[in-house]
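Source file: structure.cif (mmCIF, C-alpha atoms and all ligand atoms)
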```
data_entry
#
loop_
_atom_site.label_atom_id
_atom_site.label_comp_id
_atom_site.auth_asym_id
_atom_site.auth_seq_id
_atom_site.Cartn_x
_atom_site.Cartn_y
_atom_site.Cartn_z
CA MET A 261 -127.19 -46.62 -17.99
CA THR A 262 -124.28 -47.53 -15.74
CA ARG A 263 -123.39 -44.75 -13.33
CA VAL A 264 -119.68 -44.20 -12.70
CA PHE A 265 -118.05 -42.07 -10.00
CA SER A 266 -114.39 -41.48 -9.25
CA GLY A 267 -112.12 -38.85 -7.80
CA VAL A 268 -108.64 -37.56 -7.29
CA LYS A 269 -107.26 -35.75 -4.23
CA PRO A 270 -105.44 -32.42 -4.62
CA THR A 271 -102.66 -33.37 -2.20
CA GLY A 272 -99.89 -33.02 -4.79
CA HIS A 273 -99.29 -32.73 -8.51
CA LEU A 274 -100.93 -35.49 -10.54
CA THR A 275 -98.61 -38.34 -11.45
CA LEU A 276 -98.18 -40.91 -14.17
CA GLY A 277 -99.67 -43.38 -11.65
CA ASN A 278 -102.88 -41.32 -11.42
CA TYR A 279 -103.05 -41.12 -15.18
CA LEU A 280 -102.40 -44.76 -16.04
CA GLY A 281 -104.24 -46.18 -13.04
CA ALA A 282 -107.32 -43.99 -13.25
CA VAL A 283 -107.67 -40.77 -15.23
CA ARG A 284 -106.83 -42.11 -18.68
CA ARG A 285 -109.58 -44.70 -18.45
CA TRP A 286 -112.06 -42.10 -17.27
CA ALA A 287 -111.29 -40.02 -20.35
CA GLN A 288 -110.96 -42.73 -22.96
CA VAL A 289 -113.53 -45.26 -21.88
CA ASP A 290 -115.78 -44.48 -18.92
CA GLN A 291 -117.17 -41.11 -19.96
CA TYR A 292 -118.41 -42.52 -23.26
CA ARG A 293 -120.01 -45.72 -22.03
CA SER A 294 -121.64 -44.49 -18.85
CA ASP A 295 -123.24 -41.65 -17.01
CA ALA A 296 -120.05 -40.54 -15.29
CA LEU A 297 -119.02 -38.07 -12.60
CA PHE A 298 -115.40 -37.16 -11.87
CA CYS A 299 -114.51 -35.13 -8.86
CA VAL A 300 -111.59 -33.24 -7.39
CA VAL A 301 -112.04 -34.48 -3.84
CA ASP A 302 -110.63 -31.48 -2.04
CA LEU A 303 -112.14 -32.27 1.37
CA HIS A 304 -109.96 -35.38 1.39
CA ALA A 305 -106.87 -33.19 1.06
CA LEU A 306 -107.55 -31.75 4.53
CA THR A 307 -106.98 -35.07 6.30
CA VAL A 308 -103.23 -34.51 6.60
CA ASP A 309 -101.16 -31.46 7.46
CA HIS A 310 -101.95 -28.99 4.67
CA ASP A 311 -101.23 -25.51 3.43
CA PRO A 312 -104.52 -23.81 2.47
CA GLY A 313 -103.06 -21.87 -0.46
CA ARG A 314 -101.43 -24.98 -1.86
CA VAL A 315 -104.61 -27.06 -1.68
CA LEU A 316 -106.47 -24.30 -3.49
CA ARG A 317 -103.87 -24.13 -6.28
CA LEU A 318 -103.69 -27.90 -6.58
CA SER A 319 -107.48 -28.19 -6.79
CA ARG A 320 -107.56 -25.78 -9.69
CA GLN A 321 -104.65 -27.55 -11.33
CA ALA A 322 -106.20 -30.99 -10.88
CA ALA A 323 -109.48 -29.85 -12.44
CA THR A 324 -107.60 -28.30 -15.36
CA LEU A 325 -105.58 -31.47 -15.83
CA LEU A 326 -108.67 -33.66 -15.83
CA LEU A 327 -110.02 -31.59 -18.71
CA ALA A 328 -106.62 -31.61 -20.41
CA ALA A 329 -106.57 -35.40 -20.13
CA GLY A 330 -109.76 -35.46 -22.19
CA LEU A 331 -112.71 -35.35 -19.81
CA ASP A 332 -115.40 -33.69 -21.87
CA PRO A 333 -118.05 -31.72 -19.95
CA GLU A 334 -120.53 -32.67 -22.67
CA GLN A 335 -119.95 -36.34 -21.86
CA CYS A 336 -119.51 -36.36 -18.10
CA THR A 337 -119.82 -34.23 -14.99
CA VAL A 338 -116.61 -32.69 -13.65
CA PHE A 339 -116.79 -30.88 -10.31
CA VAL A 340 -115.17 -30.11 -6.98
CA GLN A 341 -116.32 -32.04 -3.92
CA SER A 342 -116.60 -29.07 -1.54
CA HIS A 343 -118.98 -27.32 -3.96
CA VAL A 344 -121.63 -29.94 -3.25
CA ASP A 345 -122.80 -30.10 0.38
CA GLU A 346 -124.41 -33.51 -0.01
CA HIS A 347 -121.06 -35.28 0.44
CA ALA A 348 -120.54 -33.97 3.96
CA ARG A 349 -124.24 -34.35 4.77
CA LEU A 350 -124.25 -38.01 3.85
CA SER A 351 -120.88 -38.67 5.42
CA TYR A 352 -122.28 -38.03 8.88
CA LEU A 353 -125.05 -40.58 8.43
CA LEU A 354 -122.55 -43.15 7.26
CA GLU A 355 -120.40 -42.46 10.31
CA CYS A 356 -123.40 -43.68 12.25
CA VAL A 357 -123.27 -46.93 10.30
CA ALA A 358 -119.49 -47.54 10.31
CA ASN A 359 -117.57 -48.98 13.29
CA ASP A 360 -114.32 -47.62 14.59
CA GLY A 361 -112.69 -51.06 14.32
CA GLU A 362 -113.23 -51.36 10.58
CA MET A 363 -111.88 -47.86 10.06
CA ARG A 364 -108.71 -48.62 12.00
CA ARG A 365 -108.09 -51.67 9.81
CA MET A 366 -107.69 -49.59 6.64
CA ILE A 367 -104.15 -50.04 5.31
CA GLN A 368 -103.91 -46.43 4.16
CA TYR A 369 -104.93 -45.19 7.61
CA LYS A 370 -102.38 -47.44 9.31
CA GLU A 371 -99.57 -46.32 7.02
CA LYS A 372 -100.37 -42.62 7.02
CA SER A 373 -101.06 -42.39 10.74
CA ALA A 374 -97.82 -44.26 11.53
CA ARG A 375 -95.89 -41.86 9.30
CA GLU A 376 -97.52 -38.86 10.96
CA ARG A 377 -96.70 -40.16 14.45
CA GLU A 378 -93.11 -40.91 13.45
CA ARG A 379 -92.75 -37.29 12.49
CA GLY A 380 -93.98 -36.35 15.94
CA GLY A 381 -97.22 -34.92 14.58
CA SER A 382 -100.78 -35.66 15.56
CA VAL A 383 -103.26 -37.63 13.48
CA ARG A 384 -106.36 -35.80 12.34
CA LEU A 385 -109.62 -37.53 13.15
CA SER A 386 -110.62 -36.99 9.52
CA LEU A 387 -107.81 -39.32 8.44
CA LEU A 388 -109.60 -42.10 10.28
CA THR A 389 -113.03 -41.23 8.91
CA TYR A 390 -111.74 -40.53 5.38
CA PRO A 391 -113.17 -43.73 3.85
CA VAL A 392 -116.62 -42.81 5.18
CA LEU A 393 -116.50 -39.55 3.26
CA MET A 394 -115.35 -41.54 0.25
CA ALA A 395 -118.38 -43.80 0.74
CA ALA A 396 -120.60 -40.72 0.78
CA ASP A 397 -118.98 -39.49 -2.46
CA ILE A 398 -119.90 -42.71 -4.20
CA LEU A 399 -123.23 -43.62 -2.61
CA ALA A 400 -124.73 -40.13 -2.99
CA TYR A 401 -124.68 -40.66 -6.75
CA ALA A 402 -125.90 -44.25 -6.76
CA ALA A 403 -122.76 -45.19 -8.66
CA ASP A 404 -122.51 -48.73 -9.98
CA GLU A 405 -118.81 -48.60 -10.78
CA VAL A 406 -115.79 -46.89 -9.31
CA PRO A 407 -112.77 -46.89 -11.64
CA VAL A 408 -109.68 -46.71 -9.43
CA GLY A 409 -106.11 -47.95 -9.10
CA ASP A 410 -105.15 -50.94 -7.01
CA ASP A 411 -104.59 -48.99 -3.80
CA GLN A 412 -108.29 -48.16 -3.47
CA THR A 413 -109.59 -51.74 -3.50
CA GLN A 414 -109.88 -51.96 0.29
CA HIS A 415 -111.65 -48.60 0.52
CA VAL A 416 -114.22 -49.59 -2.09
CA GLU A 417 -114.82 -52.88 -0.25
CA LEU A 418 -115.62 -50.83 2.84
CA VAL A 419 -117.97 -48.63 0.83
CA ARG A 420 -119.81 -51.77 -0.26
CA ASP A 421 -120.04 -53.01 3.33
CA LEU A 422 -121.48 -49.70 4.50
CA ALA A 423 -124.05 -49.63 1.68
CA VAL A 424 -125.18 -53.19 2.39
CA ARG A 425 -125.37 -52.55 6.14
CA PHE A 426 -127.39 -49.36 5.73
CA ASN A 427 -129.77 -51.06 3.31
CA GLN A 428 -130.26 -54.06 5.60
CA ARG A 429 -130.71 -52.02 8.74
CA TYR A 430 -132.93 -49.23 7.48
CA GLY A 431 -134.33 -50.25 4.10
CA HIS A 432 -133.04 -50.19 0.59
CA THR A 433 -131.46 -46.81 -0.12
CA PHE A 434 -128.07 -47.26 -1.78
CA VAL A 435 -126.74 -48.94 -4.88
CA VAL A 436 -123.86 -51.25 -3.90
CA PRO A 437 -120.94 -50.18 -6.13
CA ARG A 438 -117.96 -52.14 -7.35
CA ALA A 439 -114.39 -51.12 -8.09
CA THR A 440 -113.07 -51.49 -11.62
CA ARG A 441 -109.34 -51.61 -12.20
CA PRO A 442 -107.22 -51.23 -15.33
CA LYS A 443 -105.77 -54.45 -16.76
CA VAL A 444 -102.32 -52.96 -16.84
CA ALA A 445 -100.66 -50.32 -14.63
CA ALA A 446 -103.17 -50.64 -11.79
CA ARG A 447 -100.25 -49.97 -9.47
CA VAL A 448 -97.43 -47.93 -10.96
CA MET A 449 -94.42 -48.10 -8.66
CA ASP A 450 -91.97 -45.37 -7.65
CA LEU A 451 -89.01 -45.35 -10.05
CA GLN A 452 -86.53 -45.05 -7.18
CA GLN A 453 -88.31 -47.43 -4.80
CA PRO A 454 -90.04 -49.99 -6.99
CA MET A 455 -91.41 -51.76 -3.93
CA SER A 456 -93.66 -48.80 -3.12
CA LYS A 457 -96.43 -47.09 -5.06
CA MET A 458 -95.71 -43.96 -7.07
CA GLY A 459 -97.55 -41.52 -4.80
CA LYS A 460 -97.92 -37.81 -5.40
CA SER A 461 -97.01 -36.76 -1.88
CA HIS A 462 -93.78 -38.74 -1.48
CA GLU A 463 -90.85 -36.74 -0.20
CA SER A 464 -88.46 -37.37 -3.08
CA ALA A 465 -89.63 -36.43 -6.57
CA ALA A 466 -86.84 -38.42 -8.29
CA GLY A 467 -88.97 -41.55 -8.59
CA ILE A 468 -92.20 -39.80 -9.55
CA VAL A 469 -93.18 -38.71 -13.04
CA TYR A 470 -95.59 -35.81 -12.81
CA LEU A 471 -98.00 -35.17 -15.65
CA LEU A 472 -96.60 -31.68 -16.04
CA ASP A 473 -92.90 -32.64 -15.95
CA GLU A 474 -90.99 -31.27 -18.95
CA PRO A 475 -89.91 -33.95 -21.45
CA ASP A 476 -86.24 -33.77 -20.42
CA VAL A 477 -87.21 -34.21 -16.77
CA VAL A 478 -89.35 -37.24 -17.65
CA ARG A 479 -86.45 -38.73 -19.60
CA LYS A 480 -83.99 -38.13 -16.78
CA LYS A 481 -86.23 -39.71 -14.17
CA ILE A 482 -86.88 -42.81 -16.28
CA MET A 483 -83.24 -43.21 -17.39
CA ARG A 484 -82.23 -43.07 -13.70
CA ALA A 485 -84.88 -45.53 -12.55
CA VAL A 486 -83.57 -48.15 -10.13
CA THR A 487 -83.23 -51.49 -11.87
CA ASP A 488 -82.56 -55.00 -10.57
CA SER A 489 -79.61 -57.33 -10.47
CA GLY A 490 -79.00 -59.44 -13.60
CA GLN A 491 -79.33 -58.23 -17.16
CA GLU A 492 -82.30 -59.96 -18.63
CA VAL A 493 -85.37 -57.88 -19.44
CA VAL A 494 -88.18 -60.11 -18.14
CA TYR A 495 -91.50 -59.39 -16.47
CA ASP A 496 -91.19 -60.75 -12.94
CA PRO A 497 -92.65 -58.31 -10.39
CA GLU A 498 -91.45 -60.29 -7.39
CA ASN A 499 -87.80 -60.71 -8.33
CA LYS A 500 -87.42 -57.83 -10.76
CA PRO A 501 -89.67 -55.05 -9.47
CA GLY A 502 -87.79 -52.20 -11.18
CA ILE A 503 -87.74 -53.75 -14.64
CA SER A 504 -91.28 -55.06 -14.30
CA ASN A 505 -92.50 -51.58 -13.42
CA LEU A 506 -90.89 -50.15 -16.56
CA LEU A 507 -92.39 -52.95 -18.67
CA GLU A 508 -95.78 -52.25 -17.14
CA ILE A 509 -95.50 -48.52 -17.92
CA LEU A 510 -94.35 -49.20 -21.47
CA ALA A 511 -97.13 -51.72 -22.06
CA ALA A 512 -99.68 -49.23 -20.76
CA CYS A 513 -98.35 -46.52 -23.09
CA GLU A 514 -98.51 -48.84 -26.05
CA ALA A 515 -102.07 -49.80 -25.19
CA VAL A 516 -103.14 -46.22 -25.49
CA GLN A 517 -101.25 -45.56 -28.68
CA ASN A 518 -102.42 -48.63 -30.52
CA SER A 519 -106.09 -48.87 -29.77
CA GLY A 520 -107.12 -46.63 -26.94
CA ALA A 521 -108.20 -49.81 -25.19
CA GLN A 522 -106.57 -51.77 -22.42
CA SER A 523 -104.56 -54.04 -24.66
CA GLY A 524 -101.02 -53.59 -23.30
CA ASN A 525 -99.37 -56.71 -21.99
CA PRO A 526 -96.11 -56.34 -20.05
CA GLU A 527 -95.35 -60.05 -20.22
CA ALA A 528 -95.44 -59.99 -24.00
CA LEU A 529 -92.74 -57.31 -23.87
CA SER A 530 -90.33 -59.60 -22.01
CA GLY A 531 -87.27 -60.33 -24.12
CA VAL A 532 -87.99 -57.60 -26.68
CA HIS A 533 -85.18 -55.45 -25.26
CA THR A 534 -81.68 -56.78 -24.98
CA THR A 535 -80.49 -54.30 -22.34
CA TYR A 536 -81.96 -52.39 -19.43
CA GLY A 537 -80.79 -49.20 -21.12
CA ALA A 538 -82.80 -49.92 -24.27
CA LEU A 539 -85.92 -50.60 -22.24
CA LYS A 540 -85.47 -47.34 -20.35
CA LYS A 541 -85.03 -45.39 -23.54
CA ASP A 542 -88.16 -46.84 -25.14
CA THR A 543 -90.15 -46.28 -21.97
CA ALA A 544 -88.96 -42.67 -21.69
CA ASP A 545 -89.91 -42.00 -25.33
CA ALA A 546 -93.32 -43.59 -24.87
CA VAL A 547 -94.12 -41.62 -21.72
CA VAL A 548 -93.02 -38.33 -23.28
CA GLU A 549 -95.33 -39.00 -26.24
CA LEU A 550 -98.15 -40.07 -23.94
CA LEU A 551 -97.95 -36.84 -21.95
CA ARG A 552 -97.35 -34.46 -24.85
CA PRO A 553 -101.00 -33.86 -25.84
CA VAL A 554 -102.12 -33.61 -22.22
CA GLN A 555 -99.47 -30.97 -21.51
CA GLN A 556 -100.34 -29.09 -24.67
CA ARG A 557 -104.03 -28.99 -23.81
CA HIS A 558 -103.21 -28.02 -20.22
CA LYS A 559 -101.29 -25.03 -21.48
CA GLU A 560 -104.27 -23.93 -23.59
CA LEU A 561 -106.69 -24.35 -20.72
CA MET A 562 -104.44 -22.41 -18.34
CA ALA A 563 -104.88 -19.44 -20.66
CA ASP A 564 -108.65 -19.66 -20.20
CA PRO A 565 -109.39 -20.01 -16.46
CA ALA A 566 -112.93 -18.68 -16.95
CA TYR A 567 -113.72 -21.73 -19.07
CA VAL A 568 -112.51 -24.11 -16.37
CA GLU A 569 -114.47 -22.20 -13.72
CA GLY A 570 -117.60 -22.41 -15.82
CA VAL A 571 -117.20 -26.16 -16.27
CA LEU A 572 -116.84 -26.61 -12.52
CA ARG A 573 -119.83 -24.39 -11.75
CA ARG A 574 -122.11 -26.28 -14.12
CA GLY A 575 -120.65 -29.58 -12.93
CA ALA A 576 -121.48 -28.75 -9.31
CA GLU A 577 -125.04 -27.77 -10.25
CA LYS A 578 -125.58 -31.04 -12.06
CA ALA A 579 -123.97 -33.06 -9.27
CA ARG A 580 -126.06 -31.36 -6.60
CA ALA A 581 -129.26 -32.18 -8.45
CA MET A 582 -128.21 -35.82 -8.76
CA ALA A 583 -127.09 -36.30 -5.16
CA ARG A 584 -129.86 -34.43 -3.39
CA PRO A 585 -132.70 -36.98 -3.76
CA THR A 586 -130.55 -39.92 -2.62
CA VAL A 587 -129.19 -38.07 0.40
CA ASP A 588 -132.67 -36.78 1.32
CA ALA A 589 -133.97 -40.34 1.09
CA ALA A 590 -131.19 -41.55 3.39
CA TYR A 591 -132.10 -38.85 5.96
CA ARG A 592 -135.70 -40.00 5.96
CA THR A 593 -134.89 -43.71 6.03
CA ILE A 594 -132.56 -43.40 8.99
CA GLY A 595 -135.31 -41.73 11.04
CA LEU A 596 -134.73 -37.99 10.83
CA LEU A 597 -137.76 -35.71 10.80
CA PRO A 598 -138.10 -34.05 7.38
CA PRO A 599 -138.22 -30.26 7.50
CA ALA A 600 -141.79 -28.94 7.20
P1 LIG B 701 -105.02 -40.19 -5.41
O1 LIG B 701 -103.75 -39.65 -5.95
O2 LIG B 701 -104.77 -41.02 -4.18
O3 LIG B 701 -106.10 -39.21 -5.24
O4 LIG B 701 -105.55 -41.23 -6.49
C1 LIG B 701 -106.40 -40.93 -7.58
C2 LIG B 701 -106.58 -42.19 -8.41
O5 LIG B 701 -105.32 -42.57 -8.98
C3 LIG B 701 -107.06 -43.39 -7.59
O6 LIG B 701 -107.97 -44.11 -8.38
C4 LIG B 701 -105.81 -44.18 -7.35
O7 LIG B 701 -106.06 -45.55 -7.16
C5 LIG B 701 -105.03 -43.93 -8.62
N1 LIG B 701 -103.58 -44.03 -8.39
C6 LIG B 701 -102.84 -43.25 -7.56
N2 LIG B 701 -101.54 -43.63 -7.59
C7 LIG B 701 -101.46 -44.69 -8.44
C8 LIG B 701 -100.39 -45.52 -8.89
N3 LIG B 701 -99.15 -45.34 -8.47
N4 LIG B 701 -100.68 -46.49 -9.78
C9 LIG B 701 -101.94 -46.67 -10.22
N5 LIG B 701 -102.99 -45.93 -9.84
C10 LIG B 701 -102.77 -44.94 -8.96
N1 LIG B 702 -109.53 -42.24 -1.76
C1 LIG B 702 -109.25 -41.96 -3.12
C2 LIG B 702 -107.71 -41.93 -3.29
O1 LIG B 702 -106.99 -41.75 -2.36
C3 LIG B 702 -109.81 -40.65 -3.58
C4 LIG B 702 -111.29 -40.67 -3.51
C5 LIG B 702 -112.08 -39.99 -2.64
C6 LIG B 702 -112.17 -41.41 -4.36
N2 LIG B 702 -113.39 -40.25 -2.90
C7 LIG B 702 -113.48 -41.11 -3.93
C8 LIG B 702 -111.96 -42.28 -5.42
C9 LIG B 702 -114.60 -41.69 -4.53
C10 LIG B 702 -113.09 -42.86 -6.02
C11 LIG B 702 -114.39 -42.56 -5.57
O2 LIG B 702 -107.29 -42.08 -4.39
#
```
Have the structure of the file written as structure tokens, please.
Ligand code: AMP
Ligand code: TRP
Amino acid sequence: MTRVFSGVKPTGHLTLGNYLGAVRRWAQVDQYRSDALFCVVDLHALTVDHDPGRVLRLSRQAATLLLAAGLDPEQCTVFVQSHVDEHARLSYLLECVANDGEMRRMIQYKEKSARERERGGSVRLSLLTYPVLMAADILAYAADEVPVGDDQTQHVELVRDLAVRFNQRYGHTFVVPRATRPKVAARVMDLQQPMSKMGKSHESAAGIVYLLDEPDVVRKKIMRAVTDSGQEVVYDPENKPGISNLLEILAACEAVQNSGAQSGNPEALSGVHTTYGALKKDTADAVVELLRPVQQRHKELMADPAYVEGVLRRGAEKARAMARPTVDAAYRTIGLLPPA
């Protein structure tokens, strides 16, 4: 059976971008058709300036939200990265396979390190090596597919390169994974800055819809979304990024409501609305309805933290048992003396 692995970082509250680009597919499609693992990748949240208490709270919240979004522990493995040592163990070996040049070429590293320096801060070494840890996450489980949003394409390419290089240099050890992306909403844009991705750690929350935003907050944010010059509602990401983003979000919501599949088509929605205002209203309604059951389930799960803890404990046990043989094999293949 196909093995799937993906993860989400607890660096901020989960957004509509996380949901449409990744989590919804995990819950509605991937967990049923594959042997899937989904992970709160908390070690990745330590690569930038962080508040320990906040990371802890966000990790718990992210895990709860993954379950609220429909991940079923009977169907897939849900766990927290730092509960399974194999990730860090394998990461070191892969650091011995990766080159510093290829790490410095990562777009996310360039952007985040530039931002950090602008603020006068220092750049953590782990920000540079981050994609190696991500490679370890994926390769430890011999994953075939990695369902992610658009922004992770380059990272997954690097993971593939590292797997191929290790296999060629030392002998076949790793499955070479591939990224899978949603047909629609692979890159949800910020409602206030439709030229940049809706990211959970952006400074201004006005352009970000969080999964736990109250319905009136969701409505307000969408009704105030920046639109483009002109009046025609057409899908044209280059010239009409604001409107196209709304069409993309609406199409993605309709896809889930109609069939649970990836059937939404933003181009087909061009011309359906006669005004920007009407499009915003429909989009706001659709997003509120999309989030309603997730929020409801989240509330129920919040009342039962022992359940969530139990899921994570069993998830980590299962994950450990899956990762251990692959990581042990990598240690042997690369030339390390097995313990007696
Ligand atoms: P992160 O928030 O960076 O941990 O991302 C978790 C998952 O959500 C990854 O698969 C990302 O590619 C995806 N994702 C994050 N932001 C967006 C966005 N704005 N649009 C689509 N997918 C996203
Ligand atoms: N780098 C991913 C992001 O920023 C998060 C991540 C870490 C991940 N490890 C992973 C995603 C393994 C998929 C598979 O979104």
- Computed interatomic separation between atom CA of A:Ser319 and atom CA of A:His347 (Å):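 If I compute the distance from atom CA of A:Ser319 to atom CA of A:His347, I get 16.9 Å.
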- Message: At a cut-off of 9 Å and counting only C-alpha atoms and all ligand atoms, what residues surround ligand LIG 701 (chain B)? Please answer as a PyMOL selection string.
- Response: chain A and resi 266-283+300-301+304-305+406-413+441-442+445-450+456-461+468
Output for the residues just chosen: C-alpha atoms as a PDB file, in the frame of the given file:
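Writing the result to selection_9.pdb gives the following:
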```pdb
ATOM      1  CA  SER A 266    -114.390 -41.480  -9.250  1.00  0.00           C
ATOM      2  CA  GLY A 267    -112.120 -38.850  -7.800  1.00  0.00           C
ATOM      3  CA  VAL A 268    -108.640 -37.560  -7.290  1.00  0.00           C
ATOM      4  CA  LYS A 269    -107.260 -35.750  -4.230  1.00  0.00           C
ATOM      5  CA  PRO A 270    -105.440 -32.420  -4.620  1.00  0.00           C
ATOM      6  CA  THR A 271    -102.660 -33.370  -2.200  1.00  0.00           C
ATOM      7  CA  GLY A 272     -99.890 -33.020  -4.790  1.00  0.00           C
ATOM      8  CA  HIS A 273     -99.290 -32.730  -8.510  1.00  0.00           C
ATOM      9  CA  LEU A 274    -100.930 -35.490 -10.540  1.00  0.00           C
ATOM     10  CA  THR A 275     -98.610 -38.340 -11.450  1.00  0.00           C
ATOM     11  CA  LEU A 276     -98.180 -40.910 -14.170  1.00  0.00           C
ATOM     12  CA  GLY A 277     -99.670 -43.380 -11.650  1.00  0.00           C
ATOM     13  CA  ASN A 278    -102.880 -41.320 -11.420  1.00  0.00           C
ATOM     14  CA  TYR A 279    -103.050 -41.120 -15.180  1.00  0.00           C
ATOM     15  CA  LEU A 280    -102.400 -44.760 -16.040  1.00  0.00           C
ATOM     16  CA  GLY A 281    -104.240 -46.180 -13.040  1.00  0.00           C
ATOM     17  CA  ALA A 282    -107.320 -43.990 -13.250  1.00  0.00           C
ATOM     18  CA  VAL A 283    -107.670 -40.770 -15.230  1.00  0.00           C
ATOM     19  CA  VAL A 300    -111.590 -33.240  -7.390  1.00  0.00           C
ATOM     20  CA  VAL A 301    -112.040 -34.480  -3.840  1.00  0.00           C
ATOM     21  CA  HIS A 304    -109.960 -35.380   1.390  1.00  0.00           C
ATOM     22  CA  ALA A 305    -106.870 -33.190   1.060  1.00  0.00           C
ATOM     23  CA  VAL A 406    -115.790 -46.890  -9.310  1.00  0.00           C
ATOM     24  CA  PRO A 407    -112.770 -46.890 -11.640  1.00  0.00           C
ATOM     25  CA  VAL A 408    -109.680 -46.710  -9.430  1.00  0.00           C
ATOM     26  CA  GLY A 409    -106.110 -47.950  -9.100  1.00  0.00           C
ATOM     27  CA  ASP A 410    -105.150 -50.940  -7.010  1.00  0.00           C
ATOM     28  CA  ASP A 411    -104.590 -48.990  -3.800  1.00  0.00           C
ATOM     29  CA  GLN A 412    -108.290 -48.160  -3.470  1.00  0.00           C
ATOM     30  CA  THR A 413    -109.590 -51.740  -3.500  1.00  0.00           C
ATOM     31  CA  ARG A 441    -109.340 -51.610 -12.200  1.00  0.00           C
ATOM     32  CA  PRO A 442    -107.220 -51.230 -15.330  1.00  0.00           C
ATOM     33  CA  ALA A 445    -100.660 -50.320 -14.630  1.00  0.00           C
ATOM     34  CA  ALA A 446    -103.170 -50.640 -11.790  1.00  0.00           C
ATOM     35  CA  ARG A 447    -100.250 -49.970  -9.470  1.00  0.00           C
ATOM     36  CA  VAL A 448     -97.430 -47.930 -10.960  1.00  0.00           C
ATOM     37  CA  MET A 449     -94.420 -48.100  -8.660  1.00  0.00           C
ATOM     38  CA  ASP A 450     -91.970 -45.370  -7.650  1.00  0.00           C
ATOM     39  CA  SER A 456     -93.660 -48.800  -3.120  1.00  0.00           C
ATOM     40  CA  LYS A 457     -96.430 -47.090  -5.060  1.00  0.00           C
ATOM     41  CA  MET A 458     -95.710 -43.960  -7.070  1.00  0.00           C
ATOM     42  CA  GLY A 459     -97.550 -41.520  -4.800  1.00  0.00           C
ATOM     43  CA  LYS A 460     -97.920 -37.810  -5.400  1.00  0.00           C
ATOM     44  CA  SER A 461     -97.010 -36.760  -1.880  1.00  0.00           C
ATOM     45  CA  ILE A 468     -92.200 -39.800  -9.550  1.00  0.00           C
TER      46      ILE A 468
END
```
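Reported to one decimal place, the separation of atom CA of A:Gln291 from atom CA of A:Leu306 is 27.9 Å.
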- Item | Residue nearest ligand LIG 702 (chain B) among A:Leu471, A:Ala396, A:Leu388, A:Leu354 (counting all atoms listed in the file) |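 So, comparing all the options, the nearest one is A:Ala396.
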- Within 12 Å of A:Ile398, counting all atoms listed in the file, which residues show up once you throw out same-chain ones fewer than 2 positions away? Write them as a ChimeraX atom specification, please. /A:263-267,296-299,301,341,346-348,350-351,354,391-396,400-407,415-416,418-420,422-423,434-439,579,582-583,586-587
- One residue among A:Leu327, A:Val344, A:Leu399, A:Ile503 is nearest to ligand LIG 702 (chain B) when using all atoms listed in the file, and that residue is A:Leu399
- Closest to ligand LIG 702 (chain B) among A:Leu597, A:Ala485, A:Val315, A:Val340, using all atoms listed in the file?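 Nearest to ligand LIG 702 (chain B): A:Val340.
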